[in-house]
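Okay, upload.txt is below, compact mmCIF, C-alpha atoms:
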```txt
# COMPACT_ATOMS: atom_id res chain seq x y z
CA ALA H 1 33.51 -0.64 13.96
CA TYR H 2 32.92 3.00 14.91
CA PHE H 3 35.35 5.63 13.66
CA ARG H 4 35.19 8.62 16.00
CA PHE H 5 36.98 11.73 14.85
CA HIS H 6 37.99 14.52 17.24
CA GLY H 7 38.80 18.00 16.04
CA ARG H 8 38.45 21.56 17.33
CA SER H 9 35.40 23.80 17.17
CA ALA H 10 35.58 27.36 15.90
CA HIS H 11 33.33 30.04 14.46
CA ALA H 12 33.00 29.19 10.79
CA ALA H 13 32.87 32.84 9.70
CA SER H 14 35.19 34.79 11.98
CA SER H 15 37.86 32.15 12.70
CA PRO H 16 37.50 29.05 10.52
CA HIS H 17 41.29 28.73 10.38
CA LEU H 18 41.27 27.84 14.08
CA GLY H 19 38.88 24.94 13.59
CA ARG H 20 39.66 21.33 12.77
CA SER H 21 36.56 19.67 11.31
CA ALA H 22 35.77 16.16 12.47
CA LEU H 23 32.90 16.08 9.98
CA ASP H 24 35.33 16.82 7.14
CA ALA H 25 37.31 13.80 8.31
CA VAL H 26 34.22 11.58 8.20
CA GLU H 27 33.38 12.76 4.70
CA LEU H 28 36.95 12.27 3.46
CA MET H 29 37.00 8.78 4.97
CA ASN H 30 33.79 7.87 3.17
CA VAL H 31 35.21 9.14 -0.12
CA GLY H 32 38.37 7.11 0.43
CA VAL H 33 36.42 3.92 1.18
CA ASN H 34 34.30 4.46 -1.92
CA TYR H 35 37.51 4.48 -3.98
CA LEU H 36 38.56 1.28 -2.19
CA ARG H 37 35.52 -0.62 -3.51
CA GLU H 38 37.18 -1.18 -6.90
CA HIS H 39 40.10 -2.95 -5.24
CA ILE H 40 38.43 -5.57 -3.01
CA VAL H 41 36.97 -8.98 -3.84
CA GLN H 42 33.79 -8.73 -5.86
CA GLU H 43 31.64 -10.49 -3.25
CA ALA H 44 32.62 -8.07 -0.47
CA ARG H 45 30.23 -5.46 0.88
CA VAL H 46 31.16 -2.27 2.75
CA HIS H 47 28.36 -0.25 4.33
CA TYR H 48 28.38 2.83 6.53
CA ALA H 49 26.09 5.12 8.48
CA VAL H 50 27.05 8.54 9.83
CA THR H 51 26.00 8.26 13.47
CA ASN H 52 27.16 11.69 14.64
CA THR H 53 27.43 14.71 12.38
CA GLY H 54 28.80 16.92 15.15
CA GLY H 55 25.68 19.03 15.54
CA THR H 56 23.13 20.89 13.46
CA SER H 57 24.75 24.34 13.27
CA PRO H 58 26.54 24.93 9.96
CA ASN H 59 28.23 28.08 11.28
CA VAL H 60 30.32 26.06 13.77
CA VAL H 61 33.24 23.84 12.80
CA GLN H 62 32.27 20.38 14.04
CA ALA H 63 34.66 19.19 16.74
CA GLU H 64 33.21 15.64 16.96
CA ALA H 65 31.84 13.31 14.30
CA GLU H 66 31.40 9.56 13.98
CA VAL H 67 30.73 6.98 11.29
CA LEU H 68 29.86 3.29 11.77
CA TYR H 69 31.19 0.80 9.20
CA LEU H 70 30.05 -2.76 8.47
CA ILE H 71 32.36 -4.91 6.34
CA ARG H 72 31.39 -8.27 4.87
CA ALA H 73 33.12 -10.84 2.66
CA PRO H 74 32.84 -14.60 2.08
CA LYS H 75 35.86 -15.40 4.29
CA MET H 76 37.13 -13.93 7.55
CA ASP H 77 40.66 -13.31 6.26
CA GLN H 78 39.17 -11.22 3.44
CA VAL H 79 37.15 -9.20 5.94
CA GLN H 80 40.24 -8.63 8.09
CA GLU H 81 42.27 -7.41 5.12
CA ILE H 82 39.54 -4.96 4.07
CA TYR H 83 39.09 -3.81 7.67
CA ASN H 84 42.80 -3.03 7.96
CA ARG H 85 42.65 -0.97 4.77
CA VAL H 86 39.59 0.92 6.01
CA ILE H 87 41.48 1.75 9.21
CA ASN H 88 44.34 3.14 7.13
CA ILE H 89 41.87 5.29 5.17
CA ALA H 90 40.51 6.64 8.47
CA ARG H 91 44.03 7.49 9.58
CA GLY H 92 44.61 9.26 6.28
CA ALA H 93 41.41 11.27 6.71
CA ALA H 94 42.52 12.30 10.20
CA LEU H 95 45.93 13.32 8.86
CA MET H 96 44.38 15.40 6.08
CA THR H 97 42.12 17.29 8.49
CA ASP H 98 44.57 17.54 11.42
CA THR H 99 42.14 15.61 13.61
CA THR H 100 42.48 12.40 15.59
CA CYS H 101 40.53 9.17 15.19
CA ASP H 102 39.50 6.45 17.63
CA VAL H 103 38.56 3.06 16.19
CA VAL H 104 35.97 1.40 18.41
CA PHE H 105 35.33 -2.26 17.61
CA ASP H 106 31.64 -3.14 17.80
CA LYS H 107 30.98 -6.71 16.59
CA ALA H 108 32.05 -9.51 14.27
CA CYS H 109 30.83 -12.91 13.14
CA SER H 110 32.23 -15.77 11.07
CA ASN H 111 31.20 -17.07 7.66
CA PHE H 112 28.55 -19.80 7.67
CA ILE H 113 29.61 -23.38 6.82
CA PRO H 114 26.71 -25.40 5.37
CA ASN H 115 26.34 -29.10 6.13
CA GLN H 116 24.88 -31.36 3.45
CA ALA H 117 24.30 -34.30 5.79
CA LEU H 118 21.96 -32.23 7.95
CA GLU H 119 20.43 -30.30 5.07
CA THR H 120 19.22 -33.42 3.28
CA HIS H 121 17.31 -34.50 6.40
CA LEU H 122 15.84 -31.03 6.86
CA HIS H 123 14.67 -31.12 3.25
CA ALA H 124 13.12 -34.57 3.61
CA ASN H 125 11.24 -33.46 6.71
CA PHE H 126 10.13 -30.26 4.99
CA GLN H 127 8.61 -32.41 2.26
CA ALA H 128 6.89 -34.57 4.91
CA VAL H 129 5.48 -31.54 6.77
CA GLY H 130 4.53 -29.58 3.66
CA THR H 131 4.24 -25.86 3.11
CA PRO H 132 2.15 -23.60 5.40
CA ALA H 133 -1.61 -23.94 4.88
CA PHE H 134 -2.39 -20.41 3.75
CA ASP H 135 -6.10 -19.57 3.41
CA ASP H 136 -8.02 -16.95 1.42
CA ALA H 137 -7.49 -14.31 4.11
CA ASP H 138 -3.74 -14.94 4.01
CA LEU H 139 -3.73 -14.63 0.23
CA ALA H 140 -5.68 -11.37 0.39
CA LEU H 141 -3.22 -9.94 2.92
CA ALA H 142 -0.23 -11.06 0.86
CA ARG H 143 -1.78 -9.62 -2.29
CA ALA H 144 -2.24 -6.25 -0.59
CA MET H 145 1.37 -6.31 0.63
CA GLN H 146 2.70 -7.35 -2.74
CA GLY H 147 0.88 -4.36 -4.21
CA THR H 148 3.31 -2.11 -2.32
CA LEU H 149 6.35 -3.84 -3.86
CA SER H 150 8.11 -3.17 -7.13
CA ALA H 151 8.58 -5.57 -10.01
CA SER H 152 12.29 -5.58 -9.15
CA ASP H 153 11.54 -6.83 -5.61
CA ILE H 154 9.60 -9.80 -6.98
CA LYS H 155 12.21 -10.47 -9.66
CA GLY H 156 14.86 -10.51 -6.92
CA ASP H 157 13.01 -13.23 -5.01
CA LEU H 158 12.65 -15.28 -8.19
CA LYS H 159 16.39 -15.01 -8.83
CA MET H 160 17.19 -16.04 -5.26
CA ALA H 161 14.94 -19.10 -5.56
CA THR H 162 16.56 -20.23 -8.80
CA ASP H 163 20.08 -19.51 -7.50
CA PHE H 164 19.48 -22.05 -4.73
CA THR H 165 18.18 -24.71 -7.09
CA GLY H 166 20.07 -27.15 -9.28
CA LYS H 167 20.35 -26.08 -12.90
CA GLU H 168 18.14 -28.93 -14.07
CA HIS H 169 15.24 -27.66 -11.91
CA ARG H 170 15.49 -23.91 -12.48
CA ALA H 171 13.01 -23.67 -15.35
CA ALA H 172 10.41 -25.69 -13.42
CA VAL H 173 10.90 -23.64 -10.25
CA LEU H 174 10.61 -20.39 -12.18
CA ALA H 175 7.37 -21.56 -13.76
CA ALA H 176 5.97 -22.76 -10.41
CA LEU H 177 6.68 -19.47 -8.64
CA GLN H 178 5.64 -17.14 -11.44
CA ASP H 179 2.76 -14.88 -10.40
CA LYS H 180 2.68 -16.28 -6.82
CA VAL H 181 1.75 -13.96 -3.96
CA LEU H 182 2.72 -16.61 -1.38
CA SER H 183 5.18 -19.41 -2.04
CA ASP H 184 3.67 -22.88 -1.69
CA VAL H 185 6.62 -24.54 -3.40
CA ILE H 186 9.39 -26.51 -1.69
CA LEU H 187 12.51 -25.96 -3.75
CA PRO H 188 14.28 -29.12 -4.96
CA TYR H 189 17.32 -29.76 -2.79
CA ALA H 190 20.68 -28.70 -4.19
CA PHE H 191 23.75 -28.34 -1.98
CA CYS H 192 25.05 -24.82 -2.35
CA SER H 193 28.25 -23.59 -0.75
CA SER H 194 27.26 -19.96 -1.35
CA GLN H 195 24.70 -18.65 1.11
CA LEU H 196 22.21 -15.86 1.39
CA ALA H 197 23.92 -12.48 1.44
CA GLY H 198 23.77 -11.45 5.08
CA SER H 199 25.53 -11.85 8.40
CA THR H 200 24.68 -14.02 11.38
CA ASP H 201 26.39 -15.35 14.51
CA VAL H 202 25.03 -18.75 13.46
CA GLY H 203 28.16 -18.73 11.31
CA ASP H 204 30.31 -19.02 14.43
CA VAL H 205 28.21 -21.97 15.61
CA SER H 206 28.72 -23.72 12.26
CA TRP H 207 32.51 -23.73 12.78
CA VAL H 208 32.13 -25.60 16.07
CA THR H 209 29.31 -28.05 15.35
CA PRO H 210 27.47 -29.17 12.19
CA THR H 211 24.78 -26.61 11.38
CA ALA H 212 21.96 -26.35 8.83
CA GLN H 213 19.13 -23.91 8.23
CA VAL H 214 15.69 -24.05 6.64
CA ILE H 215 13.78 -21.12 5.17
CA VAL H 216 9.97 -21.07 5.15
CA ALA H 217 7.63 -18.53 3.54
CA CYS H 218 6.44 -16.02 6.18
CA GLN H 219 5.53 -13.09 3.96
CA ALA H 220 4.36 -12.09 0.52
CA PHE H 221 6.61 -13.22 -2.30
CA GLY H 222 9.09 -10.48 -3.15
CA THR H 223 9.15 -8.85 0.30
CA PRO H 224 12.65 -7.39 0.87
CA MET H 225 14.29 -7.79 4.26
CA HIS H 226 14.66 -4.79 6.58
CA THR H 227 11.57 -3.06 5.20
CA TRP H 228 8.31 -1.94 6.78
CA GLN H 229 6.53 -4.65 4.78
CA ALA H 230 8.68 -7.35 6.40
CA VAL H 231 8.02 -5.94 9.86
CA ALA H 232 4.29 -5.56 9.25
CA GLN H 233 3.85 -9.19 8.16
CA SER H 234 5.81 -10.68 11.05
CA ALA H 235 2.90 -10.31 13.48
CA THR H 236 0.28 -11.70 11.10
CA SER H 237 -0.95 -15.21 10.36
CA LEU H 238 1.60 -15.36 7.53
CA GLY H 239 4.53 -15.14 9.91
CA HIS H 240 2.88 -17.37 12.51
CA LYS H 241 2.09 -20.18 10.07
CA GLY H 242 5.56 -20.03 8.56
CA MET H 243 7.14 -20.13 12.02
CA LEU H 244 5.12 -23.19 13.07
CA THR H 245 5.98 -24.99 9.84
CA ALA H 246 9.70 -24.34 10.40
CA ALA H 247 9.38 -25.58 14.01
CA LYS H 248 7.79 -28.83 12.83
CA VAL H 249 10.57 -29.39 10.28
CA LEU H 250 13.25 -28.74 12.92
CA GLY H 251 11.47 -30.92 15.49
CA ARG H 252 11.19 -33.90 13.15
CA THR H 253 14.87 -33.53 12.25
CA VAL H 254 15.87 -33.51 15.92
CA ILE H 255 13.98 -36.80 16.38
CA ASP H 256 15.85 -38.26 13.39
CA LEU H 257 19.18 -37.29 14.94
CA LEU H 258 18.25 -38.84 18.30
CA GLN H 259 17.06 -42.06 16.72
CA GLN H 260 19.79 -42.27 14.05
CA PRO H 261 23.08 -41.13 15.65
CA GLN H 262 24.95 -42.15 12.51
CA ILE H 263 23.61 -38.97 10.90
CA ILE H 264 25.46 -36.93 13.53
CA VAL H 265 28.65 -38.91 12.90
CA GLN H 266 28.35 -38.27 9.17
CA ALA H 267 27.69 -34.56 9.73
CA LYS H 268 30.71 -34.21 12.01
CA GLN H 269 32.93 -36.00 9.49
CA GLU H 270 31.72 -33.62 6.78
CA LEU H 271 32.52 -30.56 8.92
CA ALA H 272 35.98 -31.91 9.78
CA GLY H 273 36.67 -32.51 6.09
CA HIS H 274 35.61 -28.96 5.26
CA LEU H 275 37.80 -27.41 7.97
CA GLU H 276 40.85 -29.55 7.08
CA GLY H 277 42.30 -28.99 10.53
CA THR H 278 41.70 -25.24 10.58
CA PRO H 279 40.60 -24.38 14.14
CA TYR H 280 37.81 -21.96 14.90
CA ALA H 281 39.12 -18.49 15.67
CA CYS H 282 36.72 -16.03 17.21
CA PRO H 283 36.67 -12.86 15.06
CA ILE H 284 36.13 -10.70 18.15
CA PRO H 285 39.52 -9.57 19.53
CA LYS H 286 40.35 -10.99 22.96
CA GLU H 287 40.63 -7.58 24.56
CA ILE H 288 37.03 -6.70 23.68
CA LYS H 289 34.67 -7.10 26.63
CA PRO H 290 30.85 -6.98 26.50
CA THR H 291 29.31 -3.73 27.69
CA PRO H 292 27.37 -4.38 30.92
CA PHE H 293 23.63 -4.14 30.44
CA LYS H 294 22.03 -1.21 32.19
CA LYS H 295 18.29 -0.78 32.72
```
Final structure tokens representation of the file:
Amino acid sequence: AYFRFHGRSAHAASSPHLGRSALDAVELMNVGVNYLREHIVQEARVHYAVTNTGGTSPNVVQAEAEVLYLIRAPKMDQVQEIYNRVINIARGAALMTDTTCDVVFDKACSNFIPNQALETHLHANFQAVGTPAFDDADLALARAMQGTLSASDIKGDLKMATDFTGKEHRAAVLAALQDKVLSDVILPYAFCSSQLAGSTDVGDVSWVTPTAQVIVACQAFGTPMHTWQAVAQSATSLGHKGMLTAAKVLGRTVIDLLQQPQIIVQAKQELAGHLEGTPYACPIPKEIKPTPFKK
């Protein structure tokens, strides 16, 4: 959600008392939210970006300023509770600075519900397809990319791999991935209710129909998401081979579902048991309408 503060401009030297700083309100809101972090569930994440500072002239009291917040938590009710508290902090910042604040809802998505019935078939087909066939040129490219990463980046990927593996396999997985520039290891299957830290509208789909995901190596081991290294490798043979491997795994699984409809029945029963009668509720308020696309 965007938090847009409206104040009153004034000359910061001759008449600062006449100004009401929207930028002060943004800064006070950010301070307030930072104090909130101690008092929310540990798994929650609250991010922000100042999208409008009100101008570039320090000698003018900023009449307009805006900050965009992104709030995440494992469950939607947790997100909603944190969101309501962030709104109250914004109101407090406006009150402290004698400004006003508009809250502009931007987007929302639901938590992802994994499905073991589908995942086991994805895993079996992944084993049948095998990992991408990376060649020497791919390894050289990955090695060059990995040279731009830190030891912490690579350690983070190792931790993620072992987190998604059963305890009995973690030592073997760690040994198999140690010193790899490209992963050629299919992790042993272990059902895990906790997912990758991120947000996706696939979560909303998973509330309505059984859903599963597969992750295939498309970049050098240790590459963090949302970095120039991730972008640079997407258009290379690394990304292309990983994409085709994932497509083959998905395609084989679709054939399984068409030929063995009992898998779909089992997956639906699993989802119903997880929901326990809780209906899907779209996290986007009903009054929110999509903005028409303009060329």
ask   = Hey, which of H:Pro58, H:Pro188, H:Pro279, H:Pro224 ends up closest to Thr120 (chain H)? Count all atoms listed in the file.
value = H:Pro188
message = Let me make sure I understand: among H:Ala63, H:Ala94, H:Ser110, H:Gly203, which one has the smallest atom-to-atom distance to Gly32 (chain H) if we use all atoms listed in the file?
response =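 So, comparing all the options, the nearest one is H:Ala94.
Proximity to Arg143 (chain H) at 7 Å, evaluated using only C-alpha atoms and with sequence-adjacent residues fewer than 4 positions away removed, yields Leu139, Gly147 and Val181 of chain H.
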query = Hey, which of H:Val60, H:Val31, H:Ile186, H:Leu36 ends up closest to Ser9 (chain H)? Count only C-alpha atoms.
reply =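 Going through H:Val60, H:Val31, H:Ile186, H:Leu36 one by one, the smallest distance to Ser9 (chain H) is for H:Val60.
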task = Please identify all polymer residues within 8 Å of Ala10 (chain H), counting only C-alpha atoms, omitting same-chain residues fewer than 2 positions from it, and present them as a ChimeraX atom specification.
result = /H:8,12,15-16,18-20,60-62
ask   = What's the 9 Å shell around Leu238 (chain H), counting all atoms listed in the file, without same-chain residues fewer than 5 positions away, as an MDAnalysis selection string?
value = chainID H and resid 132 134 138 141:142 217:220 233 243
